[in-house]
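my_file39.pdb (PDB, C-alpha atoms) appears below.
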```pdb
MODEL        1
ATOM      1  CA  MET R  30      89.854  -7.100  19.903
ATOM      2  CA  PRO R  31      92.054 -10.170  20.444
ATOM      3  CA  ALA R  32      94.088 -11.753  17.678
ATOM      4  CA  TRP R  33      92.603 -14.804  15.989
ATOM      5  CA  LYS R  34      94.294 -18.147  16.493
ATOM      6  CA  LYS R  35      96.521 -19.241  13.646
ATOM      7  CA  PRO R  36      96.080 -22.748  12.225
ATOM      8  CA  ASP R  37      98.902 -25.278  12.421
ATOM      9  CA  LEU R  38     100.502 -25.168   8.987
ATOM     10  CA  LEU R  39     103.743 -26.472   7.559
ATOM     11  CA  GLU R  40     106.164 -24.031   6.005
ATOM     12  CA  GLY R  41     105.100 -23.252   2.461
ATOM     13  CA  PRO R  42     102.887 -21.021   0.287
ATOM     14  CA  LEU R  43      99.706 -21.631   2.294
ATOM     15  CA  LYS R  44     101.424 -20.621   5.530
ATOM     16  CA  ASP R  45     102.859 -17.548   3.794
ATOM     17  CA  LEU R  46      99.344 -16.504   2.765
ATOM     18  CA  ASN R  47      97.913 -17.170   6.216
ATOM     19  CA  ASP R  48     100.728 -15.286   7.962
ATOM     20  CA  ALA R  49     100.178 -12.306   5.648
ATOM     21  CA  LEU R  50      96.433 -12.327   6.365
ATOM     22  CA  HIS R  51      97.069 -12.331  10.111
ATOM     23  CA  ALA R  52      99.613  -9.529   9.781
ATOM     24  CA  LEU R  53      97.124  -7.403   7.841
ATOM     25  CA  HIS R  54      94.374  -8.255  10.335
ATOM     26  CA  LYS R  55      96.642  -7.016  13.127
ATOM     27  CA  ARG R  56      97.457  -3.827  11.211
ATOM     28  CA  ALA R  57      93.709  -3.190  10.814
ATOM     29  CA  GLY R  58      93.209  -3.440  14.585
ATOM     30  CA  TYR R  59      91.874  -7.014  14.756
ATOM     31  CA  PRO R  60      88.337  -6.206  13.539
ATOM     32  CA  PRO R  61      85.803  -8.959  14.342
ATOM     33  CA  ALA R  62      84.405 -11.110  11.562
ATOM     34  CA  ARG R  63      80.919  -9.624  11.884
ATOM     35  CA  ARG R  64      82.288  -6.130  11.369
ATOM     36  CA  LEU R  65      84.121  -7.221   8.236
ATOM     37  CA  GLN R  66      80.978  -8.972   7.031
ATOM     38  CA  ALA R  67      78.976  -5.762   7.498
ATOM     39  CA  ARG R  68      81.532  -3.787   5.479
ATOM     40  CA  ILE R  69      81.645  -6.337   2.660
ATOM     41  CA  GLY R  70      77.897  -6.972   2.616
ATOM     42  CA  LYS R  71      75.954  -9.367   4.803
ATOM     43  CA  GLU R  72      74.525 -11.169   1.786
ATOM     44  CA  VAL R  73      77.950 -11.856   0.289
ATOM     45  CA  PHE R  74      79.716 -14.038   2.871
ATOM     46  CA  SER R  75      78.856 -15.423   6.276
ATOM     47  CA  HIS R  76      80.964 -14.100   9.145
ATOM     48  CA  THR R  77      82.147 -17.644   9.847
ATOM     49  CA  LYS R  78      83.481 -17.853   6.286
ATOM     50  CA  ILE R  79      85.580 -14.757   6.956
ATOM     51  CA  HIS R  80      86.813 -16.111  10.298
ATOM     52  CA  ASP R  81      87.644 -19.481   8.731
ATOM     53  CA  ALA R  82      89.765 -17.770   6.066
ATOM     54  CA  LEU R  83      92.309 -16.905   8.765
ATOM     55  CA  THR R  84      91.845 -19.729  11.261
ATOM     56  CA  LYS R  85      91.338 -22.918   9.225
ATOM     57  CA  ALA R  86      94.131 -24.975   7.670
ATOM     58  CA  LEU R  87      92.494 -24.674   4.258
ATOM     59  CA  LEU R  88      93.066 -22.373   1.313
ATOM     60  CA  PRO R  89      90.267 -19.770   1.359
ATOM     61  CA  THR R  90      88.467 -19.101  -1.894
ATOM     62  CA  ARG R  91      89.928 -16.320  -3.988
ATOM     63  CA  GLY R  92      86.796 -14.199  -3.606
ATOM     64  CA  VAL R  93      86.961 -14.300   0.187
ATOM     65  CA  VAL R  94      90.640 -13.363   0.207
ATOM     66  CA  GLU R  95      90.208 -10.452  -2.190
ATOM     67  CA  LEU R  96      87.277  -8.826  -0.402
ATOM     68  CA  VAL R  97      88.617  -9.397   3.108
ATOM     69  CA  VAL R  98      92.018  -8.009   2.130
ATOM     70  CA  ARG R  99      90.409  -4.990   0.480
ATOM     71  CA  GLU R 100      88.485  -4.105   3.646
ATOM     72  CA  LEU R 101      91.410  -4.792   5.989
ATOM     73  CA  ALA R 102      93.630  -2.619   3.806
ATOM     74  CA  LYS R 103      91.138   0.251   4.094
ATOM     75  CA  MET R 104      91.172  -0.110   7.890
ATOM     76  CA  ALA R 105      94.940  -0.491   8.247
ATOM     77  CA  ARG R 106      96.997   1.858  10.408
ATOM     78  CA  PRO R 107      99.321   3.273   9.308
ATOM     79  CA  PRO R 108      97.258   3.668   6.120
ATOM     80  CA  ILE R 109      98.031   1.627   3.026
ATOM     81  CA  ASP R 110      98.444   4.090   0.168
ATOM     82  CA  ASP R 111      97.905   1.679  -2.720
ATOM     83  CA  ILE R 112      95.079  -0.696  -1.828
ATOM     84  CA  GLU R 113      95.006  -2.276  -5.290
ATOM     85  CA  ALA R 114      98.688  -3.133  -4.993
ATOM     86  CA  GLU R 115      97.958  -4.796  -1.657
ATOM     87  CA  VAL R 116      95.096  -6.777  -3.192
ATOM     88  CA  ASN R 117      97.405  -7.836  -6.022
ATOM     89  CA  ARG R 118     100.084  -8.878  -3.526
ATOM     90  CA  PHE R 119      97.622 -11.199  -1.833
ATOM     91  CA  ALA R 120      96.403 -12.477  -5.191
ATOM     92  CA  ALA R 121      99.973 -13.570  -5.921
ATOM     93  CA  LEU R 122     100.179 -15.292  -2.522
ATOM     94  CA  TRP R 123      96.859 -17.038  -3.173
ATOM     95  CA  HIS R 124      97.975 -18.291  -6.580
ATOM     96  CA  ALA R 125     101.230 -19.559  -5.071
ATOM     97  CA  ALA R 126      99.241 -21.521  -2.495
ATOM     98  CA  HIS R 127      96.672 -22.771  -5.005
ATOM     99  CA  GLY R 128      97.322 -26.420  -5.714
ATOM    100  CA  ASP R 129      99.562 -26.620  -2.662
ATOM    101  CA  ALA R 130      96.720 -27.143  -0.196
ATOM    102  CA  PRO R 131      93.080 -28.276  -0.013
ATOM    103  CA  GLU R 132      90.611 -25.477  -0.670
ATOM    104  CA  ALA R 133      87.664 -24.369   1.392
ATOM    105  CA  ALA R 134      84.349 -24.782  -0.396
ATOM    106  CA  PRO R 135      82.480 -21.599  -1.381
ATOM    107  CA  ASP R 136      79.640 -20.433   0.867
ATOM    108  CA  HIS R 137      76.406 -22.457   0.681
ATOM    109  CA  ALA R 138      78.262 -25.336  -0.974
ATOM    110  CA  SER R 139      75.478 -27.705   0.013
ATOM    111  CA  ASP R 140      72.776 -25.675  -1.732
ATOM    112  CA  ARG R 141      71.029 -27.106  -4.757
ATOM    113  CA  ALA R 142      71.180 -25.193  -8.000
ATOM    114  CA  GLU R 143      68.313 -25.097 -10.445
ATOM    115  CA  GLY R 144      68.233 -26.875 -13.791
ATOM    116  CA  PRO R 145      71.459 -28.017 -15.483
ATOM    117  CA  MET R 146      73.542 -27.192 -12.401
ATOM    118  CA  GLY R 147      72.191 -30.219 -10.565
ATOM    119  CA  ASP R 148      73.092 -31.186  -7.002
ATOM    120  CA  LEU R 149      76.317 -29.784  -5.599
ATOM    121  CA  GLY R 150      76.454 -32.573  -3.059
ATOM    122  CA  ALA R 151      76.561 -35.085  -5.879
ATOM    123  CA  ALA R 152      79.266 -33.071  -7.602
ATOM    124  CA  ARG R 153      81.366 -33.072  -4.449
ATOM    125  CA  SER R 154      81.122 -36.830  -4.120
ATOM    126  CA  THR R 155      82.279 -37.600  -7.670
ATOM    127  CA  LYS R 156      85.482 -39.503  -7.013
ATOM    128  CA  ARG R 157      86.891 -39.102 -10.500
ATOM    129  CA  GLU R 158      86.952 -35.322 -10.192
ATOM    130  CA  SER R 159      89.949 -33.531  -8.735
ATOM    131  CA  GLU R 160      89.553 -31.067  -5.887
ATOM    132  CA  GLY R 161      90.008 -28.215  -8.355
ATOM    133  CA  GLU R 162      87.282 -29.571 -10.621
ATOM    134  CA  ILE R 163      84.903 -29.971  -7.708
ATOM    135  CA  GLN R 164      85.693 -26.428  -6.602
ATOM    136  CA  MET R 165      84.998 -25.126 -10.099
ATOM    137  CA  ARG R 166      81.754 -27.075 -10.339
ATOM    138  CA  ALA R 167      80.583 -25.583  -7.054
ATOM    139  CA  ALA R 168      81.642 -22.072  -8.077
ATOM    140  CA  THR R 169      79.797 -22.237 -11.403
ATOM    141  CA  ALA R 170      76.715 -23.622  -9.669
ATOM    142  CA  HIS R 171      76.608 -20.667  -7.287
ATOM    143  CA  VAL R 172      76.941 -18.200 -10.148
ATOM    144  CA  TYR R 173      74.258 -20.033 -12.106
ATOM    145  CA  GLN R 174      71.844 -19.942  -9.176
ATOM    146  CA  THR R 175      72.327 -16.189  -8.774
ATOM    147  CA  LEU R 176      71.623 -15.747 -12.485
ATOM    148  CA  VAL R 177      68.421 -17.755 -12.023
ATOM    149  CA  GLU R 178      67.397 -15.384  -9.226
ATOM    150  CA  LEU R 179      68.158 -12.386 -11.424
ATOM    151  CA  LYS R 180      65.993 -13.822 -14.198
ATOM    152  CA  ARG R 181      63.144 -14.350 -11.741
ATOM    153  CA  LEU R 182      63.357 -10.823 -10.331
ATOM    154  CA  ARG R 183      60.272  -8.895 -11.360
ATOM    155  CA  PRO R 184      60.555  -5.472 -12.982
ATOM    156  CA  ASP R 185      60.920  -2.384 -10.852
ATOM    157  CA  PRO R 186      57.359  -1.405  -9.781
ATOM    158  CA  ASN R 187      58.041   2.017 -11.293
ATOM    159  CA  HIS R 188      59.431   0.726 -14.581
ATOM    160  CA  GLU R 189      56.395   1.919 -16.552
ATOM    161  CA  TRP R 190      56.776   5.349 -15.003
ATOM    162  CA  ASP R 191      60.425   5.452 -15.970
ATOM    163  CA  LEU R 192      59.708   4.294 -19.513
ATOM    164  CA  TYR R 193      57.069   6.969 -20.008
ATOM    165  CA  LEU R 194      59.187   9.756 -18.550
ATOM    166  CA  ARG R 195      62.290   8.824 -20.516
ATOM    167  CA  THR R 196      60.217   8.836 -23.677
ATOM    168  CA  ALA R 197      57.989  11.839 -23.028
ATOM    169  CA  GLY R 198      60.133  13.974 -20.735
ATOM    170  CA  GLU R 199      59.497  15.585 -17.356
ATOM    171  CA  GLU R 200      57.055  18.080 -18.881
ATOM    172  CA  ARG R 201      54.508  15.248 -19.136
ATOM    173  CA  LEU R 202      54.817  14.322 -15.471
ATOM    174  CA  ALA R 203      51.197  15.199 -14.641
ATOM    175  CA  ALA R 204      49.872  13.268 -17.634
ATOM    176  CA  VAL R 205      51.939  10.219 -16.709
ATOM    177  CA  GLU R 206      50.681  10.296 -13.127
ATOM    178  CA  ALA R 207      47.101  10.611 -14.343
ATOM    179  CA  GLU R 208      47.558   7.552 -16.543
ATOM    180  CA  LEU R 209      49.641   5.332 -14.258
ATOM    181  CA  GLY R 210      48.764   6.537 -10.784
ATOM    182  CA  PRO R 211      51.290   7.571  -8.101
ATOM    183  CA  ARG R 212      54.791   6.145  -8.084
ATOM    184  CA  ASP R 213      55.461   3.222  -5.744
ATOM    185  CA  GLU R 214      58.570   4.595  -4.061
ATOM    186  CA  GLU R 215      58.670   1.992  -1.286
ATOM    187  CA  GLY R 216      58.205  -0.910  -3.690
ATOM    188  CA  SER R 217      60.851   0.517  -5.991
ATOM    189  CA  LYS R 218      63.344   0.795  -3.128
ATOM    190  CA  ILE R 219      62.729  -2.835  -2.148
ATOM    191  CA  TRP R 220      63.300  -3.862  -5.761
ATOM    192  CA  GLN R 221      66.464  -1.762  -6.034
ATOM    193  CA  ASP R 222      67.896  -3.248  -2.840
ATOM    194  CA  GLU R 223      67.278  -6.792  -4.082
ATOM    195  CA  TRP R 224      68.695  -6.009  -7.526
ATOM    196  CA  GLU R 225      71.842  -4.509  -6.019
ATOM    197  CA  ARG R 226      72.226  -7.478  -3.656
ATOM    198  CA  LEU R 227      72.084  -9.974  -6.509
ATOM    199  CA  ILE R 228      74.417  -7.953  -8.734
ATOM    200  CA  GLN R 229      76.963  -7.669  -5.916
ATOM    201  CA  GLN R 230      76.590 -11.359  -5.132
ATOM    202  CA  LEU R 231      77.184 -12.220  -8.787
ATOM    203  CA  GLU R 232      80.276 -10.013  -8.918
ATOM    204  CA  VAL R 233      81.802 -11.684  -5.868
ATOM    205  CA  GLN R 234      80.928 -15.233  -6.898
ATOM    206  CA  THR R 235      82.495 -14.669 -10.313
ATOM    207  CA  LEU R 236      85.868 -14.169  -8.615
ATOM    208  CA  ASP R 237      85.926 -17.909  -7.865
ATOM    209  CA  ILE R 238      85.651 -18.854 -11.561
ATOM    210  CA  ASP R 239      89.157 -19.968 -12.541
ATOM    211  CA  ASP R 240      88.521 -20.195 -16.282
ATOM    212  CA  THR R 241      89.391 -16.792 -17.755
ATOM    213  CA  ALA R 242      87.121 -16.971 -20.808
ATOM    214  CA  LEU R 243      84.087 -18.007 -18.776
ATOM    215  CA  ARG R 244      84.804 -15.459 -16.049
ATOM    216  CA  GLU R 245      85.028 -12.648 -18.616
ATOM    217  CA  ARG R 246      81.718 -13.688 -20.196
ATOM    218  CA  ILE R 247      79.936 -13.592 -16.850
ATOM    219  CA  LYS R 248      81.541 -10.250 -16.022
ATOM    220  CA  ASP R 249      80.480  -8.901 -19.425
ATOM    221  CA  ALA R 250      76.885 -10.018 -18.865
ATOM    222  CA  ARG R 251      76.798  -8.482 -15.390
ATOM    223  CA  GLU R 252      78.043  -5.157 -16.709
ATOM    224  CA  PHE R 253      75.250  -5.096 -19.295
ATOM    225  CA  MET R 254      72.720  -5.637 -16.490
ATOM    226  CA  GLU R 255      74.193  -2.658 -14.657
ATOM    227  CA  TRP R 256      74.214  -0.633 -17.864
ATOM    228  CA  HIS R 257      70.507  -0.992 -18.698
ATOM    229  CA  THR R 258      69.847   2.776 -18.824
ATOM    230  CA  GLU R 259      72.049   3.184 -21.895
ATOM    231  CA  THR R 260      70.418   0.191 -23.567
ATOM    232  CA  PHE R 261      67.047   1.835 -23.059
ATOM    233  CA  ARG R 262      68.252   5.158 -24.436
ATOM    234  CA  VAL R 263      69.426   3.603 -27.692
ATOM    235  CA  LEU R 264      67.310   0.474 -28.169
ATOM    236  CA  ARG R 265      64.287   1.416 -26.022
ATOM    237  CA  TRP R 266      64.568  -1.890 -24.159
ATOM    238  CA  PRO R 267      63.239  -1.953 -20.591
ATOM    239  CA  GLU R 268      65.624  -2.987 -17.826
ATOM    240  CA  ARG R 269      64.123  -6.453 -17.495
ATOM    241  CA  LYS R 270      64.689  -7.296 -21.165
ATOM    242  CA  THR R 271      68.355  -6.345 -20.924
ATOM    243  CA  ARG R 272      68.688  -8.379 -17.723
ATOM    244  CA  LEU R 273      67.079 -11.477 -19.241
ATOM    245  CA  ILE R 274      69.237 -11.379 -22.380
ATOM    246  CA  ALA R 275      72.434 -10.927 -20.366
ATOM    247  CA  ALA R 276      71.522 -13.609 -17.813
ATOM    248  CA  ARG R 277      70.617 -16.090 -20.547
ATOM    249  CA  TYR R 278      73.981 -15.513 -22.258
ATOM    250  CA  ALA R 279      75.896 -16.162 -19.039
ATOM    251  CA  MET R 280      73.804 -19.217 -18.144
ATOM    252  CA  GLU R 281      74.222 -20.796 -21.569
ATOM    253  CA  SER R 282      77.968 -20.226 -21.307
ATOM    254  CA  ILE R 283      78.083 -21.978 -17.923
ATOM    255  CA  GLU R 284      76.009 -24.881 -19.227
ATOM    256  CA  ALA R 285      78.379 -25.334 -22.177
ATOM    257  CA  PHE R 286      81.460 -25.102 -19.964
ATOM    258  CA  ARG R 287      80.155 -27.687 -17.517
ATOM    259  CA  GLY R 288      79.266 -29.993 -20.379
ATOM    260  CA  GLY R 289      82.732 -29.700 -21.901
ATOM    261  CA  ASP R 290      81.361 -27.957 -25.003
ATOM    262  CA  PRO R 291      82.678 -24.804 -26.724
ATOM    263  CA  LEU R 292      81.273 -21.591 -25.303
ATOM    264  CA  PRO R 293      78.270 -20.538 -27.426
ATOM    265  CA  GLU R 294      78.085 -17.571 -29.737
ATOM    266  CA  PRO R 295      76.113 -14.622 -28.339
ATOM    267  CA  SER R 296      72.542 -14.139 -29.510
ATOM    268  CA  LYS R 297      71.583 -11.454 -32.020
ATOM    269  CA  GLU R 298      70.087  -9.360 -29.216
ATOM    270  CA  TYR R 299      73.247  -9.662 -27.144
ATOM    271  CA  VAL R 300      75.298  -8.495 -30.117
ATOM    272  CA  GLU R 301      72.961  -5.496 -30.392
ATOM    273  CA  MET R 302      73.674  -4.608 -26.766
ATOM    274  CA  ARG R 303      77.388  -4.922 -27.406
ATOM    275  CA  GLY R 304      77.003  -2.577 -30.361
ATOM    276  CA  VAL R 305      75.416   0.011 -28.084
ATOM    277  CA  SER R 306      78.340  -0.352 -25.695
ATOM    278  CA  ASP R 307      80.843   0.170 -28.505
ATOM    279  CA  LEU R 308      78.914   3.215 -29.717
ATOM    280  CA  MET R 309      78.907   4.792 -26.258
ATOM    281  CA  ASP R 310      82.628   4.133 -25.889
ATOM    282  CA  GLU R 311      83.243   5.919 -29.189
ATOM    283  CA  LEU R 312      81.114   8.889 -28.126
ATOM    284  CA  ASP R 313      82.923   9.107 -24.789
ATOM    285  CA  ALA R 314      86.266   9.050 -26.595
ATOM    286  CA  GLU R 315      85.146  11.880 -28.884
ATOM    287  CA  ARG R 316      84.041  13.997 -25.911
ATOM    288  CA  ARG R 317      87.450  13.566 -24.302
TER     289      ARG R 317
ENDMDL
END
```
Please lay out the structure from this file as structure tokens.
Amino acid sequence: MPAWKKPDLLEGPLKDLNDALHALHKRAGYPPARRLQARIGKEVFSHTKIHDALTKALLPTRGVVELVVRELAKMARPPIDDIEAEVNRFAALWHAAHGDAPEAAPDHASDRAEGPMGDLGAARSTKRESEGEIQMRAATAHVYQTLVELKRLRPDPNHEWDLYLRTAGEERLAAVEAELGPRDEEGSKIWQDEWERLIQQLEVQTLDIDDTALRERIKDAREFMEWHTETFRVLRWPERKTRLIAARYAMESIEAFRGGDPLPEPSKEYVEMRGVSDLMDELDAERR
């Protein structure tokens, strides 16, 4: 594949980042944007967003840089032994360029977000906000919208099956089937694919949150959503309950941050989930 055209940039941190991206792209064999998109996940970034990261005279978002670099590093020849070190090297280049150049808006920056997130177009046009503030407002809106979608996601069609089996054990399989009917394997796969898509999307979007405290809260909530099996084992909460509690915690934190208020205390139920996490960590430590 041919090399991508470099943008015209003055000497400085942004050019250093762009030159490094092009060098890594060359080392990976000049893979096309659509191939990189397929490796990262088609629902995460558009292929044009990936192409723009190397060809536009704008600072790409941190999330785009991290995931593109990670995939290019995996494809590089000769191989890159320490991919995390390479990702960290580019993170340092990105931070050096941050504030030195205008930033590209995150994907779907014209989308509307539900509820307190308001209209991103209006946020972008607020003259009193700096570019960094507008970028942060857009990033939090995208995360918030994904959390809304996660809250709306219905339970796995087989969730009742799973609840019964985890409670009663495999020996009651015939009795469970007699009571609930056959498992909906196709419906469950569709649900699982959508759940995984949203979780991955949330993970990537969180990379663009510059505020450390808020980013860690969203990451914490996402990990609880992924960890729902352990919550069921200890608290007997179905997956959807864990997901709703975690999503609500992250959404309330974003609402407070955008309103300039202190981040809220976690709910009693969220604290219970955290207690389960601490308990499992202690048990794992004892086993080791």
Got a sec: who's within 8 Å of region 238-252 of chain R, counting only C-alpha atoms, leaving out chain neighbours fewer than 2 positions off, as a ChimeraX atom specification?
-> /R:165,168-169,228,231-232,234-236,254-256,275-276,278-279,282-283,286,292
As a PDB file with C-alpha atoms, keeping the file's coordinate frame, please: the residues near Glu301 (chain R) (cut-off 12 Å, all atoms listed in the file, same-chain neighbours under 4 positions excluded).
```pdb
ATOM      1  CA  PHE R 253      75.250  -5.096 -19.295  1.00  0.00           C
ATOM      2  CA  THR R 260      70.418   0.191 -23.567  1.00  0.00           C
ATOM      3  CA  PHE R 261      67.047   1.835 -23.059  1.00  0.00           C
ATOM      4  CA  VAL R 263      69.426   3.603 -27.692  1.00  0.00           C
ATOM      5  CA  LEU R 264      67.310   0.474 -28.169  1.00  0.00           C
ATOM      6  CA  ARG R 265      64.287   1.416 -26.022  1.00  0.00           C
ATOM      7  CA  TRP R 266      64.568  -1.890 -24.159  1.00  0.00           C
ATOM      8  CA  THR R 271      68.355  -6.345 -20.924  1.00  0.00           C
ATOM      9  CA  ILE R 274      69.237 -11.379 -22.380  1.00  0.00           C
ATOM     10  CA  ALA R 275      72.434 -10.927 -20.366  1.00  0.00           C
ATOM     11  CA  PRO R 295      76.113 -14.622 -28.339  1.00  0.00           C
ATOM     12  CA  SER R 296      72.542 -14.139 -29.510  1.00  0.00           C
ATOM     13  CA  LYS R 297      71.583 -11.454 -32.020  1.00  0.00           C
ATOM     14  CA  VAL R 305      75.416   0.011 -28.084  1.00  0.00           C
ATOM     15  CA  SER R 306      78.340  -0.352 -25.695  1.00  0.00           C
ATOM     16  CA  ASP R 307      80.843   0.170 -28.505  1.00  0.00           C
ATOM     17  CA  LEU R 308      78.914   3.215 -29.717  1.00  0.00           C
TER      18      LEU R 308
END
```
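The shortest atom-to-atom distance to Arg183 (chain R), with only C-alpha atoms taken into account, belongs to R:Trp224 out of R:Trp123, R:Trp224, R:Tyr59, R:Tyr299.
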Quick one: pull the distance between CA of Leu182 (chain R) and CA of Val97 (chain R), Å, one decimal.
->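 Atom-to-atom, CA of Leu182 (chain R) to CA of Val97 (chain R), that is 28.6 Å.
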Quick one: pull the distance between CA of Glu225 (chain R) and CA of Lys78 (chain R), Å, one decimal.
-> 21.6 Å
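This file, queried with the PyMOL selection byres ((chain R and resi 105) around 9), gives the residues Leu53, His54, Lys55, Arg56, Ala57, Gly58, Glu100, Leu101, Ala102, Lys103, Met104, Arg106, Pro107, Pro108 and Ile109 of chain R.
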So which residues get picked by the PyMOL selection byres ((chain R and resi 90-93) around 9) here, written as a PyMOL selection string?
-> chain R and resi 74+78-79+82+88-89+94-98+120+123-124+132-135+233-237
Within 7 Å of region 33-50 of chain R, counting all atoms listed in the file, which residues qualify if same-chain residues fewer than 6 places away don't, as a PDB file with C-alpha atoms, keeping the file's coordinate frame?
```pdb
ATOM      1  CA  LEU R  83      92.309 -16.905   8.765  1.00  0.00           C
ATOM      2  CA  THR R  84      91.845 -19.729  11.261  1.00  0.00           C
ATOM      3  CA  LYS R  85      91.338 -22.918   9.225  1.00  0.00           C
ATOM      4  CA  ALA R  86      94.131 -24.975   7.670  1.00  0.00           C
ATOM      5  CA  LEU R  88      93.066 -22.373   1.313  1.00  0.00           C
ATOM      6  CA  LEU R 122     100.179 -15.292  -2.522  1.00  0.00           C
ATOM      7  CA  TRP R 123      96.859 -17.038  -3.173  1.00  0.00           C
ATOM      8  CA  ALA R 125     101.230 -19.559  -5.071  1.00  0.00           C
ATOM      9  CA  ALA R 126      99.241 -21.521  -2.495  1.00  0.00           C
ATOM     10  CA  ALA R 130      96.720 -27.143  -0.196  1.00  0.00           C
TER      11      ALA R 130
END
```
Just the residues within 10 Å of Gln221 (chain R), please, counting all atoms listed in the file, with nothing from its chain fewer than 4 positions along; format it as a list in words.
->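 Counting all atoms listed in the file, the residues come to Pro184, Asp185, Pro186, Glu215, Gly216, Ser217, Glu225, Arg226 and Leu227 of chain R.
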Residues from last step as file, C-alpha atoms, as a short mmCIF file (atom, residue, chain, number, x, y, z; two decimals), in the frame of the given file:
```cif
data_model
loop_
_atom_site.label_atom_id
_atom_site.label_comp_id
_atom_site.auth_asym_id
_atom_site.auth_seq_id
_atom_site.Cartn_x
_atom_site.Cartn_y
_atom_site.Cartn_z
CA PRO R 184 60.56 -5.47 -12.98
CA ASP R 185 60.92 -2.38 -10.85
CA PRO R 186 57.36 -1.40 -9.78
CA GLU R 215 58.67 1.99 -1.29
CA GLY R 216 58.20 -0.91 -3.69
CA SER R 217 60.85 0.52 -5.99
CA GLU R 225 71.84 -4.51 -6.02
CA ARG R 226 72.23 -7.48 -3.66
CA LEU R 227 72.08 -9.97 -6.51
#
```
By how many Å are CA of Ala170 (chain R) and CA of Asp290 (chain R) apart?
->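 Distance reported for this atom pair: 16.6 Å.
The shortest atom-to-atom distance to Ile69 (chain R), with all atoms listed in the file taken into account, belongs to R:Gln230 out of R:Thr175, R:Gln230, R:Gln164, R:Glu115.
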Using only C-alpha atoms, which of the listed residues (R:Leu273, R:Leu179, R:Ala52, R:Val300) sits closest to Glu223 (chain R)?
-> R:Leu179
